Structure formats: C-alpha cells, structure tokens
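**Q** This is entry28.txt (compact mmCIF, C-alpha atoms and all ligand atoms).
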```txt
# COMPACT_ATOMS: atom_id res chain seq x y z
CA MET A 8 97.91 84.76 122.05
CA THR A 9 98.65 88.43 122.62
CA LYS A 10 96.21 91.29 122.70
CA TYR A 11 97.30 94.02 120.29
CA LYS A 12 96.23 97.64 120.47
CA LEU A 13 95.37 98.52 116.89
CA GLU A 14 95.09 102.24 116.17
CA TYR A 15 93.05 102.55 112.96
CA ILE A 16 93.94 105.90 111.40
CA TRP A 17 92.15 107.56 108.50
CA LEU A 18 91.58 110.90 106.77
CA ASP A 19 88.24 112.60 107.38
CA GLY A 20 86.00 114.48 104.94
CA TYR A 21 86.99 118.04 105.88
CA THR A 22 87.88 120.39 103.04
CA PRO A 23 90.01 121.77 101.51
CA VAL A 24 92.32 119.28 103.23
CA PRO A 25 91.45 116.32 105.43
CA SER A 26 92.39 115.89 109.07
CA LEU A 27 93.69 112.76 110.75
CA ARG A 28 91.36 110.64 112.86
CA GLY A 29 92.03 107.47 114.81
CA LYS A 30 90.47 104.98 117.17
CA THR A 31 91.66 101.84 118.89
CA GLN A 32 90.45 98.28 118.82
CA LEU A 33 91.95 95.32 120.65
CA LYS A 34 92.42 92.03 118.87
CA GLU A 35 94.23 88.82 119.70
CA PHE A 36 96.91 87.41 117.40
CA ASP A 37 99.58 84.71 117.79
CA SER A 38 102.25 87.20 116.76
CA TYR A 39 102.53 90.76 115.48
CA PRO A 40 99.70 91.07 112.92
CA THR A 41 100.37 91.43 109.22
CA LEU A 42 98.32 93.73 107.00
CA GLU A 43 96.41 90.73 105.58
CA GLN A 44 95.32 89.69 109.08
CA LEU A 45 93.80 93.04 109.98
CA PRO A 46 90.02 93.12 109.61
CA LEU A 47 87.86 95.83 108.11
CA TRP A 48 86.35 98.11 110.74
CA GLY A 49 83.81 100.94 110.80
CA PHE A 50 83.12 104.39 112.21
CA ASP A 51 80.43 107.03 112.39
CA GLY A 52 80.91 109.06 109.24
CA SER A 53 78.34 111.64 110.31
CA SER A 54 80.89 112.98 112.80
CA THR A 55 83.68 113.34 110.26
CA MET A 56 81.87 114.93 107.28
CA GLN A 57 81.75 111.55 105.55
CA ALA A 58 78.09 110.55 105.92
CA GLU A 59 74.59 111.73 106.80
CA GLY A 60 73.24 110.96 110.27
CA HIS A 61 70.57 108.54 109.07
CA SER A 62 73.03 106.27 107.28
CA SER A 63 76.30 106.98 108.95
CA ASP A 64 78.43 103.84 108.70
CA CYS A 65 81.70 104.09 106.82
CA VAL A 66 84.18 101.26 106.47
CA LEU A 67 87.89 101.35 107.36
CA LYS A 68 90.11 99.23 105.14
CA PRO A 69 93.69 98.72 106.42
CA VAL A 70 96.31 99.57 103.78
CA ALA A 71 99.56 99.82 105.77
CA VAL A 72 100.68 98.81 109.25
CA PHE A 73 103.46 100.33 111.38
CA PRO A 74 104.74 99.32 114.84
CA ASP A 75 103.64 101.79 117.54
CA ALA A 76 106.54 102.28 119.94
CA ALA A 77 104.47 104.48 122.25
CA ARG A 78 102.29 101.55 123.26
CA VAL A 79 102.97 98.05 124.53
CA ASN A 80 101.84 95.70 121.74
CA GLY A 81 100.68 98.63 119.64
CA ALA A 82 100.18 98.93 115.87
CA LEU A 83 99.38 101.99 113.77
CA VAL A 84 97.05 100.98 110.96
CA MET A 85 96.71 103.38 108.03
CA CYS A 86 93.26 102.95 106.48
CA GLU A 87 91.29 103.95 103.42
CA VAL A 88 87.66 104.95 103.93
CA MET A 89 85.21 102.78 101.98
CA MET A 90 81.46 102.87 101.41
CA PRO A 91 79.31 100.46 103.48
CA ASP A 92 79.85 97.72 100.86
CA GLY A 93 83.52 97.68 101.90
CA LYS A 94 84.58 97.73 98.24
CA THR A 95 83.73 101.13 96.77
CA PRO A 96 86.08 103.94 97.80
CA HIS A 97 84.36 106.76 99.67
CA PRO A 98 84.45 110.06 97.70
CA SER A 99 86.84 111.49 100.33
CA ASN A 100 89.27 108.60 99.76
CA LYS A 101 91.90 110.15 97.46
CA ARG A 102 94.42 107.36 98.00
CA ALA A 103 92.24 104.81 96.21
CA THR A 104 92.39 106.62 92.89
CA ILE A 105 95.80 108.30 92.71
CA LEU A 106 98.49 107.41 90.21
CA ASP A 107 101.21 105.19 91.60
CA ASP A 108 104.47 103.78 90.32
CA SER A 109 107.06 102.10 92.52
CA GLY A 110 109.80 103.55 90.32
CA ALA A 111 108.66 107.06 91.30
CA TRP A 112 110.52 108.21 94.40
CA PHE A 113 109.34 111.07 96.59
CA GLY A 114 111.11 113.02 99.31
CA PHE A 115 108.81 115.33 101.26
CA GLU A 116 110.29 118.13 103.38
CA GLN A 117 107.61 118.83 105.95
CA GLU A 118 107.84 122.25 107.59
CA TYR A 119 105.58 123.17 110.50
CA PHE A 120 105.31 125.37 113.58
CA PHE A 121 105.06 124.22 117.16
CA TYR A 122 102.28 126.23 118.78
CA LYS A 123 101.54 126.82 122.44
CA ASP A 124 98.94 129.19 123.88
CA GLY A 125 97.95 130.28 120.39
CA ARG A 126 101.40 131.41 119.23
CA PRO A 127 104.62 129.84 117.96
CA LEU A 128 106.62 128.11 120.66
CA GLY A 129 109.14 130.61 122.02
CA PHE A 130 107.19 133.72 121.01
CA PRO A 131 106.55 136.18 123.87
CA ALA A 132 102.95 136.67 125.08
CA SER A 133 102.80 139.90 123.09
CA GLY A 134 104.94 141.19 120.26
CA TYR A 135 107.68 139.25 118.53
CA PRO A 136 111.01 137.63 119.39
CA ALA A 137 114.25 138.80 117.75
CA PRO A 138 113.90 138.78 113.94
CA GLN A 139 114.69 135.80 111.73
CA GLY A 140 118.35 135.00 111.19
CA PRO A 141 119.76 132.81 113.95
CA TYR A 142 116.95 130.24 114.12
CA TYR A 143 117.53 128.23 110.91
CA THR A 144 119.67 125.20 111.91
CA GLY A 145 120.34 127.11 115.13
CA VAL A 146 121.51 125.86 118.48
CA GLY A 147 121.17 127.20 121.99
CA TYR A 148 118.29 128.03 124.30
CA LYS A 149 117.74 131.54 122.96
CA ASN A 150 117.33 130.15 119.43
CA VAL A 151 115.41 126.92 119.92
CA GLY A 152 114.09 127.08 123.49
CA ASP A 153 114.04 124.20 125.93
CA ILE A 154 111.55 121.64 124.64
CA ALA A 155 111.43 121.83 120.83
CA ARG A 156 114.47 119.63 120.37
CA LYS A 157 113.04 117.04 122.75
CA LEU A 158 109.86 116.96 120.64
CA VAL A 159 111.64 116.50 117.33
CA GLU A 160 113.96 113.83 118.75
CA GLU A 161 111.07 111.86 120.24
CA HIS A 162 109.25 112.13 116.92
CA LEU A 163 112.32 110.88 115.08
CA ASP A 164 112.57 107.82 117.34
CA LEU A 165 108.86 107.07 116.99
CA CYS A 166 109.16 107.25 113.19
CA LEU A 167 112.23 104.98 113.13
CA ALA A 168 110.54 102.44 115.40
CA ALA A 169 107.53 102.51 113.06
CA GLY A 170 109.74 101.74 110.08
CA ILE A 171 109.07 105.14 108.51
CA ASN A 172 111.82 106.40 106.22
CA HIS A 173 112.61 109.53 108.22
CA GLU A 174 115.59 111.18 106.57
CA GLY A 175 116.43 114.20 108.65
CA ILE A 176 115.53 117.16 110.81
CA ASN A 177 116.36 120.84 110.90
CA ALA A 178 115.30 123.90 112.81
CA GLU A 179 113.73 126.32 110.31
CA VAL A 180 113.93 130.03 109.56
CA ALA A 181 111.17 131.24 111.88
CA LYS A 182 111.28 130.78 115.64
CA GLY A 183 109.29 127.71 116.64
CA GLN A 184 109.42 126.37 113.06
CA TRP A 185 111.00 123.00 112.21
CA GLU A 186 111.26 120.52 109.36
CA PHE A 187 111.50 116.78 108.96
CA GLN A 188 111.99 114.81 105.74
CA ILE A 189 110.31 111.59 104.69
CA PHE A 190 111.36 109.54 101.67
CA GLY A 191 109.43 106.74 99.97
CA LYS A 192 109.31 104.73 96.76
CA GLY A 193 105.89 104.94 95.13
CA SER A 194 103.37 107.70 95.72
CA LYS A 195 101.21 105.67 98.09
CA THR A 196 104.07 104.36 100.20
CA ALA A 197 105.69 107.78 100.47
CA ALA A 198 102.42 109.54 101.30
CA ASP A 199 101.30 106.86 103.77
CA GLN A 200 104.52 107.42 105.66
CA MET A 201 104.11 111.18 105.54
CA TRP A 202 100.59 111.04 106.98
CA MET A 203 101.73 108.60 109.65
CA ALA A 204 104.66 110.86 110.56
CA ARG A 205 102.23 113.78 110.90
CA TYR A 206 100.02 111.64 113.12
CA LEU A 207 102.94 110.68 115.37
CA MET A 208 104.04 114.30 115.66
CA MET A 209 100.60 115.52 116.69
CA ARG A 210 99.97 112.68 119.13
CA ASN A 211 103.35 112.95 120.79
CA CYS A 212 102.96 116.70 121.33
CA GLU A 213 99.68 116.30 123.23
CA LYS A 214 101.38 115.56 126.52
CA TYR A 215 103.42 118.76 126.31
CA GLY A 216 100.40 120.97 125.71
CA VAL A 217 101.86 121.77 122.29
CA ASP A 218 100.01 121.76 118.97
CA ILE A 219 101.31 121.59 115.43
CA GLU A 220 100.31 124.48 113.17
CA TRP A 221 100.33 123.08 109.65
CA HIS A 222 99.02 126.25 107.98
CA CYS A 223 101.41 127.57 105.34
CA LYS A 224 101.45 131.15 106.61
CA PRO A 225 100.29 131.21 110.23
CA LEU A 226 101.83 134.64 110.89
CA GLY A 227 100.27 136.21 107.81
CA ASP A 228 101.88 138.99 105.81
CA THR A 229 104.85 139.60 108.11
CA ASP A 230 108.58 139.04 107.94
CA TRP A 231 108.16 135.52 109.27
CA ASN A 232 108.60 132.62 106.87
CA GLY A 233 105.73 130.39 105.87
CA SER A 234 105.81 126.59 105.83
CA GLY A 235 106.23 124.46 102.74
CA MET A 236 106.42 120.81 101.93
CA HIS A 237 109.00 120.84 99.15
CA THR A 238 108.46 117.70 97.13
CA ASN A 239 111.53 116.05 95.61
CA PHE A 240 110.70 113.56 92.92
CA SER A 241 112.28 111.27 90.36
CA THR A 242 111.07 108.48 88.11
CA THR A 243 113.11 105.56 86.84
CA TYR A 244 113.35 107.36 83.48
CA MET A 245 114.54 110.61 85.09
CA ARG A 246 117.20 108.76 87.07
CA GLU A 247 118.43 106.43 84.32
CA VAL A 248 117.85 108.19 80.99
CA GLY A 249 116.92 111.85 81.51
CA GLY A 250 118.64 114.32 79.18
CA LYS A 251 118.26 118.03 78.55
CA GLU A 252 115.58 117.68 75.93
CA TYR A 253 113.38 115.51 78.14
CA PHE A 254 113.94 117.86 81.06
CA GLU A 255 112.83 120.86 79.00
CA SER A 256 109.70 119.07 77.81
CA LEU A 257 108.97 118.14 81.41
CA MET A 258 109.26 121.75 82.54
CA LYS A 259 106.97 122.83 79.70
CA ALA A 260 104.35 120.34 80.91
CA PHE A 261 104.68 121.63 84.48
CA GLU A 262 104.18 125.17 83.19
CA THR A 263 101.09 124.19 81.18
CA ASN A 264 99.57 122.47 84.22
CA ILE A 265 100.29 125.24 86.71
CA GLU A 266 96.65 125.50 87.80
CA GLU A 267 96.25 121.75 88.34
CA HIS A 268 99.33 121.69 90.53
CA ILE A 269 98.46 124.75 92.61
CA ALA A 270 94.95 123.32 93.14
CA VAL A 271 96.37 120.41 95.15
CA TYR A 272 99.49 122.02 96.61
CA GLY A 273 97.72 123.06 99.80
CA PRO A 274 95.25 125.77 100.87
CA ASP A 275 96.07 129.49 101.06
CA ASN A 276 99.27 129.02 99.08
CA HIS A 277 98.91 132.50 97.55
CA MET A 278 99.72 133.81 101.05
CA ARG A 279 103.01 131.93 101.01
CA LEU A 280 104.08 131.89 97.35
CA THR A 281 104.53 135.62 97.04
CA GLY A 282 108.02 135.87 95.58
CA LYS A 283 109.43 136.73 99.01
CA HIS A 284 110.97 134.44 101.67
CA GLU A 285 112.58 131.99 99.21
CA THR A 286 109.42 131.41 97.18
CA ALA A 287 108.29 131.95 93.59
CA PRO A 288 104.94 133.70 92.95
CA TRP A 289 102.21 131.06 92.81
CA ASN A 290 100.88 132.13 89.39
CA LYS A 291 104.20 132.21 87.54
CA PHE A 292 106.06 128.99 86.82
CA SER A 293 109.85 129.07 86.85
CA TYR A 294 112.79 126.74 87.27
CA GLY A 295 116.46 127.20 87.91
CA VAL A 296 119.65 125.46 88.91
CA ALA A 297 120.12 125.71 92.67
CA ASP A 298 117.52 128.50 92.64
CA ARG A 299 115.53 128.59 95.87
CA GLY A 300 113.45 131.41 94.45
CA ALA A 301 112.08 129.23 91.62
CA SER A 302 108.99 127.01 91.48
CA ILE A 303 111.22 124.05 90.68
CA ARG A 304 114.80 123.89 91.90
CA VAL A 305 117.17 121.85 89.77
CA PRO A 306 119.96 120.42 91.93
CA HIS A 307 123.54 120.96 90.68
CA SER A 308 123.94 117.18 90.65
CA PHE A 309 121.08 116.89 88.15
CA VAL A 310 122.85 119.04 85.56
CA ASN A 311 126.28 117.57 86.31
CA ASN A 312 124.93 114.06 85.71
CA GLY A 313 123.61 114.93 82.25
CA TYR A 314 120.14 116.07 83.36
CA LYS A 315 119.52 112.91 85.33
CA GLY A 316 118.28 112.55 88.87
CA TYR A 317 115.61 114.27 90.94
CA LEU A 318 113.94 117.67 90.92
CA GLU A 319 112.50 119.72 93.77
CA ASP A 320 109.04 121.25 93.41
CA ARG A 321 109.13 123.99 96.05
CA ARG A 322 105.47 124.97 95.73
CA PRO A 323 103.59 122.32 97.76
CA ASN A 324 102.80 123.65 101.23
CA SER A 325 102.87 122.27 104.74
CA MET A 326 99.15 121.51 104.77
CA GLY A 327 99.00 119.84 101.36
CA ASP A 328 97.81 116.25 101.00
CA PRO A 329 100.84 114.20 99.92
CA TYR A 330 98.58 111.70 98.10
CA ALA A 331 97.20 114.45 95.87
CA ILE A 332 100.56 116.18 95.42
CA ALA A 333 102.41 113.04 94.34
CA SER A 334 99.57 112.01 92.05
CA GLN A 335 99.50 115.36 90.24
CA ILE A 336 103.25 115.24 89.71
CA LEU A 337 102.93 111.76 88.17
CA LYS A 338 100.00 112.93 86.03
CA THR A 339 102.05 115.75 84.51
CA ILE A 340 105.08 113.50 84.02
CA ALA A 341 102.87 110.99 82.20
CA GLU A 342 101.99 113.65 79.59
CA VAL A 343 105.59 113.91 78.43
CA PRO A 344 106.65 111.38 75.81
CA LEU A 345 109.82 109.42 76.52
CA ALA A 346 112.60 109.43 73.94
CA LYS A 347 112.05 106.88 71.18
CA ALA A 348 115.35 105.09 71.72
CA ALA A 349 114.64 104.52 75.39
CA ALA A 350 111.01 103.60 74.87
CA ALA A 351 111.87 100.97 72.27
P1 LIG B 1 116.87 121.01 100.93
O1 LIG B 1 116.46 121.50 102.27
O2 LIG B 1 118.26 121.39 100.54
O3 LIG B 1 115.89 121.36 99.86
P2 LIG B 1 116.53 118.29 102.07
O4 LIG B 1 117.79 117.57 102.42
O5 LIG B 1 115.71 118.83 103.17
O6 LIG B 1 116.92 119.40 100.97
O7 LIG B 1 115.57 117.32 101.24
C1 LIG B 1 115.99 116.66 100.09
C2 LIG B 1 115.06 115.50 99.88
O8 LIG B 1 115.30 114.93 98.59
C3 LIG B 1 115.23 114.36 100.88
O9 LIG B 1 114.00 114.15 101.52
C4 LIG B 1 115.59 113.16 100.00
O10 LIG B 1 114.96 112.00 100.44
C5 LIG B 1 115.04 113.55 98.66
N1 LIG B 1 115.69 112.84 97.55
C6 LIG B 1 117.00 112.56 97.38
N2 LIG B 1 117.20 111.86 96.26
C7 LIG B 1 115.99 111.67 95.68
C8 LIG B 1 115.53 111.02 94.48
N3 LIG B 1 116.39 110.42 93.63
N4 LIG B 1 114.21 111.03 94.20
C9 LIG B 1 113.37 111.66 95.03
N5 LIG B 1 113.72 112.30 96.16
C10 LIG B 1 115.02 112.31 96.50
MN MN B 2 114.96 120.78 103.58
MN MN B 3 113.04 123.83 104.70
MN MN B 4 113.89 121.94 99.99
```
Would you write out, as structure tokens, the structure that this file holds?
**A**
Amino acid sequence: MTKYKLEYIWLDGYTPVPSLRGKTQLKEFDSYPTLEQLPLWGFDGSSTMQAEGHSSDCVLKPVAVFPDAARVNGALVMCEVMMPDGKTPHPSNKRATILDDSGAWFGFEQEYFFYKDGRPLGFPASGYPAPQGPYYTGVGYKNVGDIARKLVEEHLDLCLAAGINHEGINAEVAKGQWEFQIFGKGSKTAADQMWMARYLMMRNCEKYGVDIEWHCKPLGDTDWNGSGMHTNFSTTYMREVGGKEYFESLMKAFETNIEEHIAVYGPDNHMRLTGKHETAPWNKFSYGVADRGASIRVPHSFVNNGYKGYLEDRRPNSMGDPYAIASQILKTIAEVPLAKAAAA
C-alpha cells in the first residue's frame, strides 16, 4: 500500500467568476488511484461563499484526476461541489449542468500577466518600460526578463506530467504578459484541463513570489494590451460537413445571441473589447477571414477547405470560466439546423 497525497480542487462561490480552492487528504491505495476509487469529501462552504455558517458542509465529488509531478505520490483531483446529499449539484457548480459533446473540440488560448509587487513582472517601480513592440514572441533579457521563461517552462512540464493537452506557449504583446494553449475534446474535458492548468500556474508561481493577474485589462485604458482567452471551436458537423450556407447561419445565430455570449465571456470585457489592440467592440458582432479585429476570426484553412474546420471566437477573456464559455458556444450552435442531406 502507498499513501497518496490527493489535492481536491474545486471552484468557490465568488462572483462574477469563481476562484480555485484546494486541500489535501492522504489515502492509501495499492496503486495509483483511478477516478472511481476516489471518495467524496467535504469542506466548509461558509468560507468560500457556498454556504451559511450554521449549515456549512458542502460535498466534493471527484470528476477528473491528474498526476501531480510536484509531489511524491501526488494526485490533482478536479471536483464538482455538491449539496450535503452528495447528489444535487450546488448552485455554484456550473460544470454539472453545461452542454457537452465529445465531438466538440475546444482550444483555449489563455493570456495572463505575471505580477510581482503589484505590477507586471519587468515593469519598473514607477512609470512604464519601453512601449509594446518587441515583447510579443520576444527573446532576450530586456524583453522577457530573467525568470518568466523559467516559470512558463516549469508550468509546461507540470501540465505534460499531468496529462493535460498543453499545446504551446508564447510571450505576449505587453511586457510580463504570456499565453499558453490548452486543447480538449468535449466541453467538460477541455475546461477541466484549463482550470487545472490555471491551478498549476498559480501554485508553481508561489515560490517565486509571483502572482498571476487574470484580469482582462489590468493596466486599464492605456496602450498596454489586455488579456483574452480566444476560444477555438469545432463540432463534428463543422469539421466534416460544414459549407458556406451553414457557416452563415451559424454566424447569424452568434450575432443574435451576442448578449448571452458576452454575459459569460468574462468580467469587465467592455474594458478590453474596445475596437483597439486587436479586438472588436463588445457590443457589435463581426466576423472575417484572418481578421484579428473581428469578434470571430475565420482561419484561411476554413475557407480553403470549403467552409469546414474550426472558428476562433476572440471575445472570451482571460478571467472567463471555460465551462460557461464552451457551454454557451454549444448552445448557440445547437440553435442552427443542420442541412437536411447530412441530418438524414
Ligand atoms: P493564434 O494565436 O494564431 O490565434 P494559437 O496557435 O494560439 O492561434 O491557437 C490555436 C488553437 O486552435 C490551438 O489551441 C488549437 O488547439 C486550436 N485548434 C486547432 N484545431 C482545432 C479544431 N479543429 N477545433 C478546435 N480547436 C482547434
Ligand atoms: Mn495564440
Ligand atoms: Mn494571444
Ligand atoms: Mn488567437
């Protein structure tokens, strides 16, 4: 028997977006535990905005398990929060009720800032560094500093060891700003991995005295880019059938549902989606081929393949909840009828 360190991780009840929480329990197993072997657990919901003090127990239900390379015999256990009966999803538990479809693929491009001493990593104590230009995909100490790359590399290795589909890294447009990409099949699988990747990033940065600023516009109305979480998506139908007519109906549905999308695309998005800094204004839907100033960017490959493939919704922001984002995209897609020939 081996004692495993099980980090149960869940989303709290803070609004407009939840924060990550986690606590450890030790349990003995013959070998590395499977999801089915992991027991329900509980926590004090009165400390996480999920219960009143007089009846504070909430239940943690494991839904995905990832190896934890930072610990000997460690496991990261993604959980849903349940009511005390262990069966009813807690109102804060979005994951339990979202649309899912294993044929729906999602690629999230998570942008974020490293922060130290209340400002982006590499910013001087007062004023600003040299303006944006050399930082995006940049190299060299004056562009990326001396520890950022170490942090993103360590994060990459932690994600790979956890079995997370990490797809890439790049330094971003603002100093101290970076991006990583996570891909998954099915909204729950993709979003579980995204939340776990966020968790690993935050936890790994603790020892460097560095925080992650997930806000979409931490530097406000300045000439410094905000942070998005572009969401690339495709369904089986989009990849295999597609067509111009279907694509245009899809875009019409996205336009009609603009409010529903913006509502779950992350807080304060009006600060970021201004029409400047490679964004489209939040209240005006648009799409365009290879257009990074549109709400939805249509890759060249999509058009070249007969309107088949994936699309990029550029509106979701860095702080958005990937469960809610993916679910809303699937909801809108579900409103669009498929061509008769294909449906038959
Ligand atoms: P860019 O920065 O040019 O917008 P990235 O390379 O950062 O693009 O991100 C593109 C994302 O698209 C990747 O995360 C990738 O996983 C995702 N992607 C690629 N093909 C598909 C697909 N068929 N369905 C959904 N997402 C996809
Ligand atoms: Mn990208
Ligand atoms: Mn980017
Ligand atoms: Mn993108």
**Q** Using Å and a single decimal, report how far CA of Asp230 in chain A sits from CA of Glu266 in chain A.
**A**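 Going from CA of Glu266 in chain A over to CA of Asp230 in chain A covers 27.0 Å.
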**Q** Kindly list the centre and edge lengths in Å, rounded to one decimal, for the axis-aligned box that covers all listed atoms of ligand LIG 1 (chain B) plus 5 Å on each of its six sides, as AutoDock Vina command-line options.
**A**
```
--center_x 115.8 --center_y 116.0 --center_z 98.4 --size_x 14.9 --size_y 21.1 --size_z 19.5
```
**Q** Go through A:Pro344, A:Gly249, A:Gly216, A:Gly114 one by one, measure the shortest atom-to-atom distance of each to ligand MN 4 (chain B) using all atoms listed in the file, and give the residue with the smallest value.
**A** A:Gly114
**Q** If the limit is 7 Å from any atom of ligand MN 4 (chain B), counting only C-alpha atoms and all ligand atoms, which residues qualify? Return them as an MDAnalysis selection string.
**A** chainID A and resid 116 237 319 321
**Q** Under the rule that all atoms listed in the file are counted, which of A:Ser234, A:Ser53, A:Val79, A:Gly313 is the nearest residue to Lys10 in chain A?
**A**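 Under the stated criterion, the closest residue is A:Val79.
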**Q** Interatomic distance between CA of Trp17 in chain A and CA of Gly29 in chain A?
**A**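 Computing the Euclidean distance for CA of Trp17 in chain A and CA of Gly29 in chain A yields 6.3 Å.
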**Q** For range 176-188 of chain A, work out the shell of residues within 8 Å, counting only C-alpha atoms and skipping chain neighbours fewer than 5 positions away, then give it as a short mmCIF file (atom, residue, chain, number, x, y, z; two decimals) with C-alpha atoms, in the frame of the given file.
**A**
```
data_model
loop_
_atom_site.label_atom_id
_atom_site.label_comp_id
_atom_site.auth_asym_id
_atom_site.auth_seq_id
_atom_site.Cartn_x
_atom_site.Cartn_y
_atom_site.Cartn_z
CA GLY A 114 111.11 113.02 99.31
CA PHE A 115 108.81 115.33 101.26
CA GLU A 116 110.29 118.13 103.38
CA GLN A 117 107.61 118.83 105.95
CA GLU A 118 107.84 122.25 107.59
CA TYR A 119 105.58 123.17 110.50
CA PHE A 120 105.31 125.37 113.58
CA PHE A 121 105.06 124.22 117.16
CA TYR A 122 102.28 126.23 118.78
CA PRO A 127 104.62 129.84 117.96
CA LEU A 128 106.62 128.11 120.66
CA GLY A 129 109.14 130.61 122.02
CA PHE A 130 107.19 133.72 121.01
CA PRO A 136 111.01 137.63 119.39
CA GLN A 139 114.69 135.80 111.73
CA GLY A 140 118.35 135.00 111.19
CA PRO A 141 119.76 132.81 113.95
CA TYR A 142 116.95 130.24 114.12
CA TYR A 143 117.53 128.23 110.91
CA THR A 144 119.67 125.20 111.91
CA GLY A 145 120.34 127.11 115.13
CA ASN A 150 117.33 130.15 119.43
CA VAL A 151 115.41 126.92 119.92
CA ALA A 155 111.43 121.83 120.83
CA VAL A 159 111.64 116.50 117.33
CA TRP A 231 108.16 135.52 109.27
CA ASN A 232 108.60 132.62 106.87
#
```
**Q** Could you tell me which of A:Met209, A:Met278, A:Leu337, A:Ala331 comes closest to Ser241 in chain A if we count only C-alpha atoms?
**A**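 The shortest atom-to-atom distance to Ser241 in chain A comes from A:Leu337.
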**Q** Can you pull out every residue within 9 Å of Val66 in chain A, counting only C-alpha atoms, but drop anything in the same chain fewer than 2 positions away, and send it as an NGL selection string?
**A** :A and (47-50 or 52 or 64 or 68 or 87-94 or 97)
**Q** Do a neighbour search on Gly193 in chain A at 9 Å with all atoms listed in the file, toss out local chain neighbours closer than 6 positions, and write the hits as a PDB file with C-alpha atoms, in the frame of the given file.
**A**
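Saved the output as selection-v6.pdb:
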```pdb
ATOM      1  CA  ASP A 107     101.210 105.190  91.600  1.00  0.00           C
ATOM      2  CA  ASP A 108     104.470 103.780  90.320  1.00  0.00           C
ATOM      3  CA  SER A 109     107.060 102.100  92.520  1.00  0.00           C
ATOM      4  CA  GLY A 110     109.800 103.550  90.320  1.00  0.00           C
ATOM      5  CA  ALA A 111     108.660 107.060  91.300  1.00  0.00           C
ATOM      6  CA  TRP A 112     110.520 108.210  94.400  1.00  0.00           C
ATOM      7  CA  PHE A 113     109.340 111.070  96.590  1.00  0.00           C
ATOM      8  CA  ALA A 333     102.410 113.040  94.340  1.00  0.00           C
TER       9      ALA A 333
END
```
**Q** What does the distance between CA of Thr95 in chain A and CA of Ala71 in chain A come to in Å, to one decimal place?
**A**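 These two atoms are separated by 18.3 Å.
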**Q** For ligand LIG 1 (chain B), which residue among A:Arg299, A:Arg322, A:Lys101, A:His162 is the nearest when counting all atoms listed in the file?
**A** A:Arg299
**Q** In terms of the shortest atom-to-atom distance over all atoms listed in the file, which of A:Asn239, A:Ser256, A:Asn290, A:Asn312 is closest to ligand MN 2 (chain B)?
**A**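 Checking each of A:Asn239, A:Ser256, A:Asn290, A:Asn312 against ligand MN 2 (chain B), counting all atoms listed in the file, the winner is A:Asn239.
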**Q** Please provide the set of residues having any atom within 10 Å of Asn80 in chain A, restricted to all atoms listed in the file, with same-chain residues fewer than 5 positions apart removed, written as number ranges by chain.
**A** A: 9-13, 33, 38-39, 74-75
**Q** So that I can check the surroundings of Lys251 in chain A, please list as an NGL selection string every protein, DNA and RNA residue that reaches within 10 Å of it, counting only C-alpha atoms and ignoring chain neighbours fewer than 2 positions away.
**A** :A and (249 or 253-257 or 310 or 313-315)
**Q** Here is a test: counting only C-alpha atoms, which residue of A:Arg102, A:Lys338, A:Arg126, A:Arg246 is nearest to Asp218 in chain A?
**A**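 Checking each of A:Arg102, A:Lys338, A:Arg126, A:Arg246 against Asp218 in chain A, counting only C-alpha atoms, the winner is A:Arg126.
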